[in-house]
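Asker: Dropping in start_21.cif, with mmCIF, C-alpha atoms.
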data_structure
#
loop_
_atom_site.label_atom_id
_atom_site.label_comp_id
_atom_site.auth_asym_id
_atom_site.auth_seq_id
_atom_site.Cartn_x
_atom_site.Cartn_y
_atom_site.Cartn_z
CA MET K 1345 -3.10 -18.69 -16.03
CA ASP K 1346 -1.52 -18.97 -12.64
CA SER K 1347 1.72 -20.24 -14.09
CA ALA K 1348 1.77 -17.35 -16.57
CA ILE K 1349 1.48 -14.91 -13.68
CA SER K 1350 4.17 -16.72 -11.75
CA ASP K 1351 6.50 -16.73 -14.73
CA ALA K 1352 6.20 -12.97 -14.99
CA ARG K 1353 7.17 -12.43 -11.38
CA THR K 1354 10.38 -10.64 -10.63
CA PRO K 1355 11.57 -11.89 -7.27
CA LEU K 1356 13.12 -9.57 -4.72
CA GLY K 1357 16.69 -10.04 -3.63
CA ALA K 1358 17.22 -12.37 -0.69
CA SER K 1359 18.39 -9.52 1.55
CA ALA K 1360 15.20 -7.44 1.21
CA ASP K 1361 13.87 -6.94 4.72
CA ASN K 1362 12.04 -3.63 4.96
CA GLY K 1363 8.81 -2.96 3.12
CA LEU K 1364 7.70 0.68 2.85
CA LYS K 1365 4.39 2.11 1.69
CA ILE K 1366 3.37 5.18 -0.24
CA VAL K 1367 -0.27 5.60 -1.26
CA VAL K 1368 -1.43 7.44 -4.37
CA VAL K 1369 -4.98 8.66 -3.76
CA GLY K 1370 -7.28 10.26 -6.25
CA GLY K 1371 -10.60 10.17 -8.02
CA PHE K 1372 -11.59 7.82 -10.81
CA GLY K 1373 -9.56 8.27 -13.98
CA VAL K 1374 -7.08 10.70 -12.51
CA GLY K 1375 -4.09 8.51 -13.37
CA LYS K 1376 -3.27 6.60 -10.17
CA THR K 1377 -2.63 3.33 -11.95
CA THR K 1378 -0.70 5.15 -14.66
CA MET K 1379 1.60 6.67 -12.07
CA VAL K 1380 2.08 3.35 -10.27
CA ARG K 1381 2.86 1.66 -13.58
CA SER K 1382 5.33 4.29 -14.73
CA VAL K 1383 7.64 3.83 -11.74
CA SER K 1384 6.99 0.19 -10.80
CA GLU K 1385 9.49 -2.54 -11.56
CA ILE K 1386 6.65 -5.05 -11.81
CA ARG K 1387 3.46 -4.95 -13.83
CA PRO K 1388 0.96 -3.44 -11.39
CA LEU K 1389 -1.04 -6.06 -9.54
CA ASN K 1390 -4.54 -5.77 -8.20
CA THR K 1391 -5.95 -7.11 -4.98
CA GLU K 1392 -8.66 -6.30 -2.53
CA GLU K 1393 -9.59 -6.14 1.09
CA THR K 1394 -13.00 -6.83 2.52
CA MET K 1395 -14.44 -5.62 5.74
CA THR K 1396 -17.27 -7.93 6.75
CA GLN K 1397 -19.54 -7.67 9.72
CA ALA K 1398 -17.05 -9.82 11.57
CA GLY K 1399 -14.22 -7.44 10.82
CA GLU K 1400 -12.39 -6.15 13.83
CA THR K 1401 -12.78 -2.58 12.66
CA VAL K 1402 -16.53 -2.79 13.18
CA ASP K 1403 -17.36 -1.93 16.76
CA ASP K 1404 -21.10 -2.37 16.86
CA THR K 1405 -21.36 -5.92 15.56
CA SER K 1406 -24.87 -6.24 16.91
CA GLU K 1407 -26.01 -3.43 14.66
CA VAL K 1408 -24.54 -4.63 11.41
CA ARG K 1409 -25.98 -8.11 11.08
CA GLY K 1410 -26.78 -8.73 7.45
CA LYS K 1411 -24.82 -5.70 6.36
CA THR K 1412 -23.09 -6.31 3.06
CA ALA K 1413 -19.33 -6.43 3.17
CA THR K 1414 -17.31 -3.38 2.20
CA THR K 1415 -14.86 -4.39 -0.48
CA VAL K 1416 -12.13 -2.16 -1.76
CA ALA K 1417 -9.87 -3.04 -4.66
CA PHE K 1418 -6.52 -1.43 -5.14
CA ASP K 1419 -3.53 -1.60 -7.46
CA PHE K 1420 0.05 -1.68 -6.39
CA GLY K 1421 3.53 -1.65 -7.81
CA ARG K 1422 6.99 -2.11 -6.39
CA ILE K 1423 10.32 -0.31 -6.41
CA SER K 1424 13.45 -1.96 -5.02
CA LEU K 1425 15.32 0.97 -3.51
CA ASP K 1426 18.42 -0.89 -2.40
CA ALA K 1427 19.42 -4.31 -1.11
CA ARG K 1428 17.13 -4.00 1.92
CA ASN K 1429 14.42 -1.39 1.31
CA VAL K 1430 11.47 -2.12 -0.97
CA LEU K 1431 8.90 0.58 -1.64
CA TYR K 1432 5.35 -0.49 -2.44
CA LEU K 1433 3.24 2.07 -4.21
CA PHE K 1434 -0.51 1.71 -3.81
CA GLY K 1435 -3.11 3.27 -6.06
CA ALA K 1436 -6.16 3.72 -3.88
CA PRO K 1437 -9.61 4.95 -4.75
CA GLY K 1438 -10.61 8.10 -2.95
CA GLN K 1439 -14.26 7.18 -2.46
CA GLU K 1440 -15.85 7.23 0.90
CA ARG K 1441 -16.00 3.51 1.72
CA PHE K 1442 -12.30 3.19 1.09
CA TRP K 1443 -11.44 5.30 4.14
CA PHE K 1444 -13.01 2.75 6.49
CA LEU K 1445 -10.13 0.48 5.55
CA TRP K 1446 -7.39 3.09 5.65
CA ASP K 1447 -6.05 2.17 9.10
CA ARG K 1448 -6.11 -1.52 8.41
CA LEU K 1449 -4.37 -1.25 5.06
CA PHE K 1450 -2.19 1.80 5.30
CA SER K 1451 -1.19 2.33 8.90
CA GLY K 1452 2.52 3.00 8.95
CA THR K 1453 2.52 4.45 5.45
CA LEU K 1454 5.29 6.95 4.81
CA GLY K 1455 2.85 9.34 3.21
CA ALA K 1456 0.48 9.92 0.35
CA VAL K 1457 0.36 11.55 -3.05
CA VAL K 1458 -2.99 13.20 -3.80
CA LEU K 1459 -3.26 13.04 -7.56
CA VAL K 1460 -5.42 15.84 -8.90
CA ASP K 1461 -7.05 16.47 -12.25
CA THR K 1462 -7.27 20.26 -12.38
CA ARG K 1463 -10.44 19.96 -14.47
CA ARG K 1464 -12.10 18.19 -11.54
CA ILE K 1465 -10.47 19.71 -8.51
CA ASP K 1466 -13.51 19.11 -6.32
CA ASP K 1467 -12.85 15.34 -6.52
CA SER K 1468 -9.80 15.85 -4.30
CA TRP K 1469 -11.35 17.67 -1.38
CA TYR K 1470 -12.53 14.58 0.38
CA ALA K 1471 -9.18 12.80 0.10
CA ILE K 1472 -7.31 15.80 1.48
CA ASP K 1473 -9.77 16.10 4.35
CA ARG K 1474 -9.39 12.41 5.22
CA LEU K 1475 -5.58 12.48 5.05
CA GLU K 1476 -5.53 15.46 7.38
CA HIS K 1477 -7.91 13.59 9.69
CA HIS K 1478 -5.61 10.55 9.75
CA GLY K 1479 -2.52 12.72 10.21
CA THR K 1480 -0.94 11.28 7.08
CA PRO K 1481 1.61 13.59 5.45
CA PHE K 1482 0.97 14.20 1.76
CA VAL K 1483 1.89 16.17 -1.32
CA VAL K 1484 -0.53 17.27 -4.01
CA ALA K 1485 0.41 16.39 -7.58
CA CYS K 1486 -1.57 17.82 -10.49
CA ASN K 1487 -1.56 15.40 -13.39
CA ASP K 1488 -1.14 17.21 -16.67
CA PHE K 1489 -3.97 16.33 -19.02
CA GLY K 1490 -3.11 19.08 -21.45
CA GLY K 1491 -5.44 22.03 -21.78
CA ALA K 1492 -5.20 25.20 -19.78
CA ARG K 1493 -2.46 25.16 -17.23
CA HIS K 1494 -3.61 26.36 -13.84
CA SER K 1495 -1.34 28.49 -11.73
CA PRO K 1496 -0.11 26.92 -8.50
CA GLU K 1497 -1.79 29.75 -6.63
CA SER K 1498 -5.19 29.03 -8.14
CA VAL K 1499 -4.90 25.30 -7.37
CA ARG K 1500 -3.81 26.00 -3.81
CA GLU K 1501 -6.71 28.32 -3.37
CA ALA K 1502 -9.21 25.90 -4.90
CA LEU K 1503 -7.99 23.13 -2.57
CA ASP K 1504 -7.59 25.43 0.43
CA LEU K 1505 -4.16 23.90 0.86
CA ASP K 1506 -1.94 24.56 3.85
CA PRO K 1507 1.12 26.56 2.77
CA GLU K 1508 3.52 23.84 3.95
CA VAL K 1509 1.93 21.13 1.77
CA PRO K 1510 4.02 20.82 -1.40
CA LEU K 1511 2.19 21.22 -4.71
CA VAL K 1512 3.79 19.81 -7.85
CA PHE K 1513 2.74 19.43 -11.47
CA CYS K 1514 3.46 16.12 -13.14
CA ASP K 1515 2.82 13.81 -16.06
CA ALA K 1516 1.86 10.47 -14.52
CA ARG K 1517 2.79 8.69 -17.78
CA SER K 1518 6.41 9.74 -17.34
CA ARG K 1519 8.66 7.67 -15.14
CA GLU K 1520 10.93 10.63 -14.47
CA SER K 1521 8.05 12.93 -13.61
CA SER K 1522 6.40 10.37 -11.30
CA LYS K 1523 9.74 9.74 -9.66
CA GLN K 1524 10.06 13.48 -8.96
CA VAL K 1525 6.64 13.43 -7.27
CA LEU K 1526 7.80 10.65 -4.93
CA ILE K 1527 11.00 12.55 -4.21
CA ALA K 1528 8.96 15.66 -3.40
CA LEU K 1529 6.95 13.61 -0.90
CA VAL K 1530 9.98 12.10 0.83
CA GLU K 1531 11.72 15.49 0.99
CA HIS K 1532 8.54 16.87 2.55
CA LEU K 1533 8.63 14.08 5.17
CA ARG K 1534 12.23 14.87 5.94
CA THR K 1535 11.43 18.55 6.38
CA ARG K 1536 8.53 17.74 8.68
CA ILE K 1537 10.67 15.53 10.87
CA ALA K 1538 13.44 18.10 11.05
CA GLY K 1539 10.84 20.78 11.73
CA HIS K 1540 8.75 19.62 14.62
CA ALA K 1541 9.64 16.11 15.67
CA ALA K 1542 13.33 16.55 16.36
CA PRO K 1543 14.15 15.21 19.80
CA PRO K 1544 15.61 17.83 22.12
CA ARG K 1545 19.35 17.63 21.83
CA GLN K 1546 21.34 16.68 24.86
CA GLU K 1547 23.51 19.58 25.87
CA PHE K 1548 27.00 18.71 26.99
CA VAL K 1549 28.16 20.87 29.79
CA MET Z 297 -9.88 -9.42 -15.60
CA SER Z 298 -11.70 -10.62 -12.55
CA ARG Z 299 -10.59 -9.39 -9.20
CA PRO Z 300 -9.33 -11.74 -6.54
CA GLY Z 301 -11.98 -12.95 -4.20
CA ARG Z 302 -14.80 -10.93 -5.67
CA ASP Z 303 -16.06 -13.57 -8.07
CA ASP Z 304 -15.26 -16.50 -5.87
CA SER Z 305 -18.07 -18.04 -3.96
CA PRO Z 306 -17.94 -17.16 -0.29
CA ASP Z 307 -17.84 -20.92 0.29
CA ARG Z 308 -14.36 -21.09 -1.13
CA LEU Z 309 -13.10 -18.35 1.18
CA TYR Z 310 -14.81 -20.06 4.10
CA THR Z 311 -13.14 -23.34 3.23
CA VAL Z 312 -9.59 -22.10 2.78
CA THR Z 313 -9.56 -20.68 6.27
CA GLN Z 314 -11.70 -23.39 7.88
CA GLY Z 315 -14.36 -20.88 8.65
CA ARG Z 316 -12.27 -18.13 10.14
CA SER Z 317 -12.97 -14.70 8.76
CA ARG Z 318 -10.23 -12.94 10.60
CA SER Z 319 -6.94 -13.83 12.14
CA ALA Z 320 -6.12 -12.98 15.70
CA SER Z 321 -6.45 -9.23 16.04
CA ASP Z 322 -2.82 -9.08 17.04
CA THR Z 323 -1.69 -10.49 13.70
CA PRO Z 324 1.61 -8.80 13.05
CA PHE Z 325 1.30 -9.13 9.27
CA ASP Z 326 1.32 -5.83 7.47
CA LEU Z 327 0.54 -5.39 3.76
CA VAL Z 328 4.27 -5.04 3.17
CA THR Z 329 5.59 -7.63 5.61
CA LEU Z 330 8.05 -9.68 3.57
CA VAL Z 331 7.41 -13.40 3.85
CA VAL Z 332 10.05 -16.04 3.20
CA ALA Z 333 9.45 -19.78 2.90
CA GLU Z 334 11.40 -21.89 5.37
CA CYS Z 335 10.53 -25.23 3.78
CA GLU Z 336 9.32 -26.90 0.62
CA PRO Z 337 5.66 -27.70 0.06
CA THR Z 338 4.82 -31.25 1.05
CA ARG Z 339 2.30 -33.74 -0.22
CA GLY Z 340 -1.13 -33.40 1.30
CA MET Z 341 -0.61 -29.84 2.33
CA GLN Z 342 -3.53 -27.45 1.77
CA SER Z 343 -3.13 -26.16 -1.79
CA GLU Z 344 -3.04 -22.49 -0.75
CA HIS Z 345 -0.27 -23.28 1.73
CA SER Z 346 1.74 -25.03 -1.01
CA ALA Z 347 1.20 -22.08 -3.32
CA ILE Z 348 2.46 -19.66 -0.67
CA LEU Z 349 5.57 -21.73 -0.03
CA ARG Z 350 6.35 -21.77 -3.75
CA LEU Z 351 5.73 -18.03 -4.08
CA THR Z 352 7.86 -17.04 -1.14
CA GLN Z 353 11.09 -18.77 -2.02
CA ALA Z 354 12.34 -15.20 -2.41
CA PRO Z 355 11.03 -12.53 -0.01
CA THR Z 356 7.48 -11.62 -1.07
CA ALA Z 357 5.19 -9.02 0.46
CA VAL Z 358 1.85 -10.05 1.95
CA VAL Z 359 0.05 -7.94 -0.67
CA GLU Z 360 1.88 -9.71 -3.50
CA VAL Z 361 0.93 -13.08 -2.04
CA ALA Z 362 -2.71 -11.96 -1.89
CA ALA Z 363 -2.64 -10.74 -5.49
CA GLU Z 364 -0.98 -13.90 -6.81
CA LEU Z 365 -3.35 -16.16 -4.89
CA ARG Z 366 -6.29 -13.98 -5.90
CA LEU Z 367 -7.50 -13.89 -2.33
CA PRO Z 368 -8.48 -10.92 -0.17
CA VAL Z 369 -5.70 -9.58 2.02
CA SER Z 370 -7.39 -10.60 5.28
CA ILE Z 371 -7.81 -14.22 4.14
CA THR Z 372 -4.19 -14.27 2.99
CA LYS Z 373 -3.07 -13.07 6.42
CA ILE Z 374 -4.89 -15.97 8.08
CA LEU Z 375 -3.10 -18.47 5.83
CA LEU Z 376 0.23 -16.76 6.49
CA SER Z 377 -0.37 -16.75 10.24
CA ASP Z 378 -0.96 -20.51 10.13
CA LEU Z 379 2.24 -21.12 8.18
CA HIS Z 380 4.16 -18.79 10.45
CA ALA Z 381 2.88 -20.52 13.59
CA ALA Z 382 4.05 -23.83 12.12
CA GLY Z 383 7.50 -22.39 11.38
CA ARG Z 384 7.04 -22.87 7.65
CA VAL Z 385 7.53 -19.23 6.77
CA SER Z 386 9.43 -16.41 8.41
CA ALA Z 387 8.27 -12.81 8.40
CA ARG Z 388 10.30 -9.64 7.99
CA HIS Z 389 8.04 -6.95 9.35
CA PRO Z 390 8.47 -3.33 8.29
CA TYR Z 391 10.26 -1.02 10.67
CA THR Z 392 7.33 1.03 11.77
CA ALA Z 393 7.50 4.05 13.96
CA ALA Z 394 5.16 6.94 14.59
CA VAL Z 395 7.74 9.14 12.96
CA PRO Z 396 9.81 7.63 10.14
CA ASP Z 397 13.47 7.11 10.89
CA PRO Z 398 15.50 9.90 9.22
CA ASP Z 399 18.11 7.37 8.13
CA ILE Z 400 15.48 5.29 6.34
CA LEU Z 401 14.06 8.42 4.66
CA GLU Z 402 17.55 9.24 3.45
CA GLN Z 403 17.91 5.72 2.04
CA VAL Z 404 14.53 6.08 0.32
CA LEU Z 405 15.61 9.38 -1.25
CA VAL Z 406 18.88 7.93 -2.48
CA GLY Z 407 17.05 4.91 -3.91
CA LEU Z 408 14.48 7.08 -5.69
CA ARG Z 409 17.08 9.41 -7.13
CA ASN Z 410 18.96 6.40 -8.50
CA LEU Z 411 15.92 5.09 -10.34
#
Here is the file; what I need is its structure written in the form of structure tokens.
Answerer:
Amino acid sequence: MDSAISDARTPLGASADNGLKIVVVGGFGVGKTTMVRSVSEIRPLNTEETMTQAGETVDDTSEVRGKTATTVAFDFGRISLDARNVLYLFGAPGQERFWFLWDRLFSGTLGAVVLVDTRRIDDSWYAIDRLEHHGTPFVVACNDFGGARHSPESVREALDLDPEVPLVFCDARSRESSKQVLIALVEHLRTRIAGHAAPPRQEFV
Amino acid sequence: MSRPGRDDSPDRLYTVTQGRSRSASDTPFDLVTLVVAECEPTRGMQSEHSAILRLTQAPTAVVEVAAELRLPVSITKILLSDLHAAGRVSARHPYTAAVPDPDILEQVLVGLRNL
């Protein structure tokens, strides 16, 4: 079994030296793994992180003796962008316990894609709230499950979305469509940086 | 398909790390730190260490090592820290900054558009 997995591995080039992270967050069955799979160069892998009572993210260790460990499983895929940059795409569950591990797993992430099923918009509120809390930039992508198409305005209103947060419609099964979602996110990051984080320019007198 | 770690007895996880449940809190290993083997596995080496050295002949992210070894990420980081301290692997940490470098974002965009 192990050798079969190893045989299927596609190694990175020897010059790869910068790993980048983008997280796809969304409720159960919304298509996170589908999106990761459609753009990944490897078959998506699955792993997990556990926060036990000895975990450093638990402050009150005296209070949690005997507490069961919080375990969160997540999928990921990989995109080699060029000779040096490798983008890892994580499909992460949006449920509450997951957010306890956000900082440990996803600090330094470029940003997030909130994948929304417009038939179950309420599932996305919590994820959006948490991303805002963590200060993580994100775009909202509505996965097209067929059926009635919602207008962008109605989705924005239902999610109470800030006007500057991009909203896109996609088909997570399509590589091209999923790629466009990632591009929308990175363009959003670029706009944000240009907008309010630009260092004051030195004036030459 | 069983998930890494979940169905293993806690004893196994305890044993592979000699009882440590966390690495030093200053462990520099990120999920996407790329690890590269600096030597071949040797006889008598802990089996997880040998497996890591075989896996990382080409740069391999911490999260890929964890998935392939079917171990939780935190346990994997402890094993990697040991190997790193012994000079058996090198680590290429991600360029992290509070605000992403515009040049890197540009490279990401170009890479995505070329997919």
Asker: Please determine the contact residues of chain Z with respect to chain K at a cut-off of 9 Å, counting all atoms listed in the file, and supply them as a PyMOL selection string.
Answerer: chain Z and resi 299-302+317-318+321+326-330+332+351-357+359-360+362-371+387-398+400-411
Asker: Can you write out the residues you just picked, keeping C-alpha atoms, as a PDB file, in the frame of the given file?
Answerer:
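Done, and the output landed in again00.pdb:
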ATOM      1  CA  ARG Z 299     -10.590  -9.390  -9.200  1.00  0.00           C
ATOM      2  CA  PRO Z 300      -9.330 -11.740  -6.540  1.00  0.00           C
ATOM      3  CA  GLY Z 301     -11.980 -12.950  -4.200  1.00  0.00           C
ATOM      4  CA  ARG Z 302     -14.800 -10.930  -5.670  1.00  0.00           C
ATOM      5  CA  SER Z 317     -12.970 -14.700   8.760  1.00  0.00           C
ATOM      6  CA  ARG Z 318     -10.230 -12.940  10.600  1.00  0.00           C
ATOM      7  CA  SER Z 321      -6.450  -9.230  16.040  1.00  0.00           C
ATOM      8  CA  ASP Z 326       1.320  -5.830   7.470  1.00  0.00           C
ATOM      9  CA  LEU Z 327       0.540  -5.390   3.760  1.00  0.00           C
ATOM     10  CA  VAL Z 328       4.270  -5.040   3.170  1.00  0.00           C
ATOM     11  CA  THR Z 329       5.590  -7.630   5.610  1.00  0.00           C
ATOM     12  CA  LEU Z 330       8.050  -9.680   3.570  1.00  0.00           C
ATOM     13  CA  VAL Z 332      10.050 -16.040   3.200  1.00  0.00           C
ATOM     14  CA  LEU Z 351       5.730 -18.030  -4.080  1.00  0.00           C
ATOM     15  CA  THR Z 352       7.860 -17.040  -1.140  1.00  0.00           C
ATOM     16  CA  GLN Z 353      11.090 -18.770  -2.020  1.00  0.00           C
ATOM     17  CA  ALA Z 354      12.340 -15.200  -2.410  1.00  0.00           C
ATOM     18  CA  PRO Z 355      11.030 -12.530  -0.010  1.00  0.00           C
ATOM     19  CA  THR Z 356       7.480 -11.620  -1.070  1.00  0.00           C
ATOM     20  CA  ALA Z 357       5.190  -9.020   0.460  1.00  0.00           C
ATOM     21  CA  VAL Z 359       0.050  -7.940  -0.670  1.00  0.00           C
ATOM     22  CA  GLU Z 360       1.880  -9.710  -3.500  1.00  0.00           C
ATOM     23  CA  ALA Z 362      -2.710 -11.960  -1.890  1.00  0.00           C
ATOM     24  CA  ALA Z 363      -2.640 -10.740  -5.490  1.00  0.00           C
ATOM     25  CA  GLU Z 364      -0.980 -13.900  -6.810  1.00  0.00           C
ATOM     26  CA  LEU Z 365      -3.350 -16.160  -4.890  1.00  0.00           C
ATOM     27  CA  ARG Z 366      -6.290 -13.980  -5.900  1.00  0.00           C
ATOM     28  CA  LEU Z 367      -7.500 -13.890  -2.330  1.00  0.00           C
ATOM     29  CA  PRO Z 368      -8.480 -10.920  -0.170  1.00  0.00           C
ATOM     30  CA  VAL Z 369      -5.700  -9.580   2.020  1.00  0.00           C
ATOM     31  CA  SER Z 370      -7.390 -10.600   5.280  1.00  0.00           C
ATOM     32  CA  ILE Z 371      -7.810 -14.220   4.140  1.00  0.00           C
ATOM     33  CA  ALA Z 387       8.270 -12.810   8.400  1.00  0.00           C
ATOM     34  CA  ARG Z 388      10.300  -9.640   7.990  1.00  0.00           C
ATOM     35  CA  HIS Z 389       8.040  -6.950   9.350  1.00  0.00           C
ATOM     36  CA  PRO Z 390       8.470  -3.330   8.290  1.00  0.00           C
ATOM     37  CA  TYR Z 391      10.260  -1.020  10.670  1.00  0.00           C
ATOM     38  CA  THR Z 392       7.330   1.030  11.770  1.00  0.00           C
ATOM     39  CA  ALA Z 393       7.500   4.050  13.960  1.00  0.00           C
ATOM     40  CA  ALA Z 394       5.160   6.940  14.590  1.00  0.00           C
ATOM     41  CA  VAL Z 395       7.740   9.140  12.960  1.00  0.00           C
ATOM     42  CA  PRO Z 396       9.810   7.630  10.140  1.00  0.00           C
ATOM     43  CA  ASP Z 397      13.470   7.110  10.890  1.00  0.00           C
ATOM     44  CA  PRO Z 398      15.500   9.900   9.220  1.00  0.00           C
ATOM     45  CA  ILE Z 400      15.480   5.290   6.340  1.00  0.00           C
ATOM     46  CA  LEU Z 401      14.060   8.420   4.660  1.00  0.00           C
ATOM     47  CA  GLU Z 402      17.550   9.240   3.450  1.00  0.00           C
ATOM     48  CA  GLN Z 403      17.910   5.720   2.040  1.00  0.00           C
ATOM     49  CA  VAL Z 404      14.530   6.080   0.320  1.00  0.00           C
ATOM     50  CA  LEU Z 405      15.610   9.380  -1.250  1.00  0.00           C
ATOM     51  CA  VAL Z 406      18.880   7.930  -2.480  1.00  0.00           C
ATOM     52  CA  GLY Z 407      17.050   4.910  -3.910  1.00  0.00           C
ATOM     53  CA  LEU Z 408      14.480   7.080  -5.690  1.00  0.00           C
ATOM     54  CA  ARG Z 409      17.080   9.410  -7.130  1.00  0.00           C
ATOM     55  CA  ASN Z 410      18.960   6.400  -8.500  1.00  0.00           C
ATOM     56  CA  LEU Z 411      15.920   5.090 -10.340  1.00  0.00           C
TER      57      LEU Z 411
END
Asker: Here's the selection I'm unsure about, the PyMOL selection byres ((chain K and resi 1482) around 8); applied to the file above, which residues does it give, as a list in words?
Answerer: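 Evaluating the PyMOL selection byres ((chain K and resi 1482) around 8) on this file yields Gly1455, Ala1456, Val1457, Val1458, Leu1475, Thr1480, Pro1481, Val1483, Val1484, Val1509, Pro1510 and Leu1529 of chain K.
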Asker: Convert the output of the PyMOL selection byres ((chain K and resi 1502-1508) around 12) on the shown file into explicit residues, formatted as an NGL selection string.
Answerer: :K and (1458 or 1460-1473 or 1476 or 1481-1486 or 1494-1501 or 1509-1511 or 1529 or 1532-1533 or 1535-1536 or 1539)
Asker: Can you write just those residues out, C-alpha atoms, as a tab-separated table (two decimals), in the coordinates of the input?
Answerer:
chain	number	residue	atom	x	y	z
K	1458	VAL	CA	-2.99	13.20	-3.80
K	1460	VAL	CA	-5.42	15.84	-8.90
K	1461	ASP	CA	-7.05	16.47	-12.25
K	1462	THR	CA	-7.27	20.26	-12.38
K	1463	ARG	CA	-10.44	19.96	-14.47
K	1464	ARG	CA	-12.10	18.19	-11.54
K	1465	ILE	CA	-10.47	19.71	-8.51
K	1466	ASP	CA	-13.51	19.11	-6.32
K	1467	ASP	CA	-12.85	15.34	-6.52
K	1468	SER	CA	-9.80	15.85	-4.30
K	1469	TRP	CA	-11.35	17.67	-1.38
K	1470	TYR	CA	-12.53	14.58	0.38
K	1471	ALA	CA	-9.18	12.80	0.10
K	1472	ILE	CA	-7.31	15.80	1.48
K	1473	ASP	CA	-9.77	16.10	4.35
K	1476	GLU	CA	-5.53	15.46	7.38
K	1481	PRO	CA	1.61	13.59	5.45
K	1482	PHE	CA	0.97	14.20	1.76
K	1483	VAL	CA	1.89	16.17	-1.32
K	1484	VAL	CA	-0.53	17.27	-4.01
K	1485	ALA	CA	0.41	16.39	-7.58
K	1486	CYS	CA	-1.57	17.82	-10.49
K	1494	HIS	CA	-3.61	26.36	-13.84
K	1495	SER	CA	-1.34	28.49	-11.73
K	1496	PRO	CA	-0.11	26.92	-8.50
K	1497	GLU	CA	-1.79	29.75	-6.63
K	1498	SER	CA	-5.19	29.03	-8.14
K	1499	VAL	CA	-4.90	25.30	-7.37
K	1500	ARG	CA	-3.81	26.00	-3.81
K	1501	GLU	CA	-6.71	28.32	-3.37
K	1509	VAL	CA	1.93	21.13	1.77
K	1510	PRO	CA	4.02	20.82	-1.40
K	1511	LEU	CA	2.19	21.22	-4.71
K	1529	LEU	CA	6.95	13.61	-0.90
K	1532	HIS	CA	8.54	16.87	2.55
K	1533	LEU	CA	8.63	14.08	5.17
K	1535	THR	CA	11.43	18.55	6.38
K	1536	ARG	CA	8.53	17.74	8.68
K	1539	GLY	CA	10.84	20.78	11.73
Asker: Can you work out which one of Z:Asp378, Z:Glu336, Z:Glu344, Z:Asp399 has the shortest atom-to-atom distance to Thr311 in chain Z, counting all atoms listed in the file?
Answerer: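 Checking each of Z:Asp378, Z:Glu336, Z:Glu344, Z:Asp399 against Thr311 in chain Z, counting all atoms listed in the file, the winner is Z:Glu344.
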Asker: With 6 Å added on each side, what axis-aligned box encloses every listed atom of range 1466-1478 of chain K? Give the centre and edge lengths in Å to one decimal, as JSON.
Answerer:
{"center_x": -9.5, "center_y": 14.8, "center_z": 1.6, "size_x": 20.0, "size_y": 20.6, "size_z": 28.3}
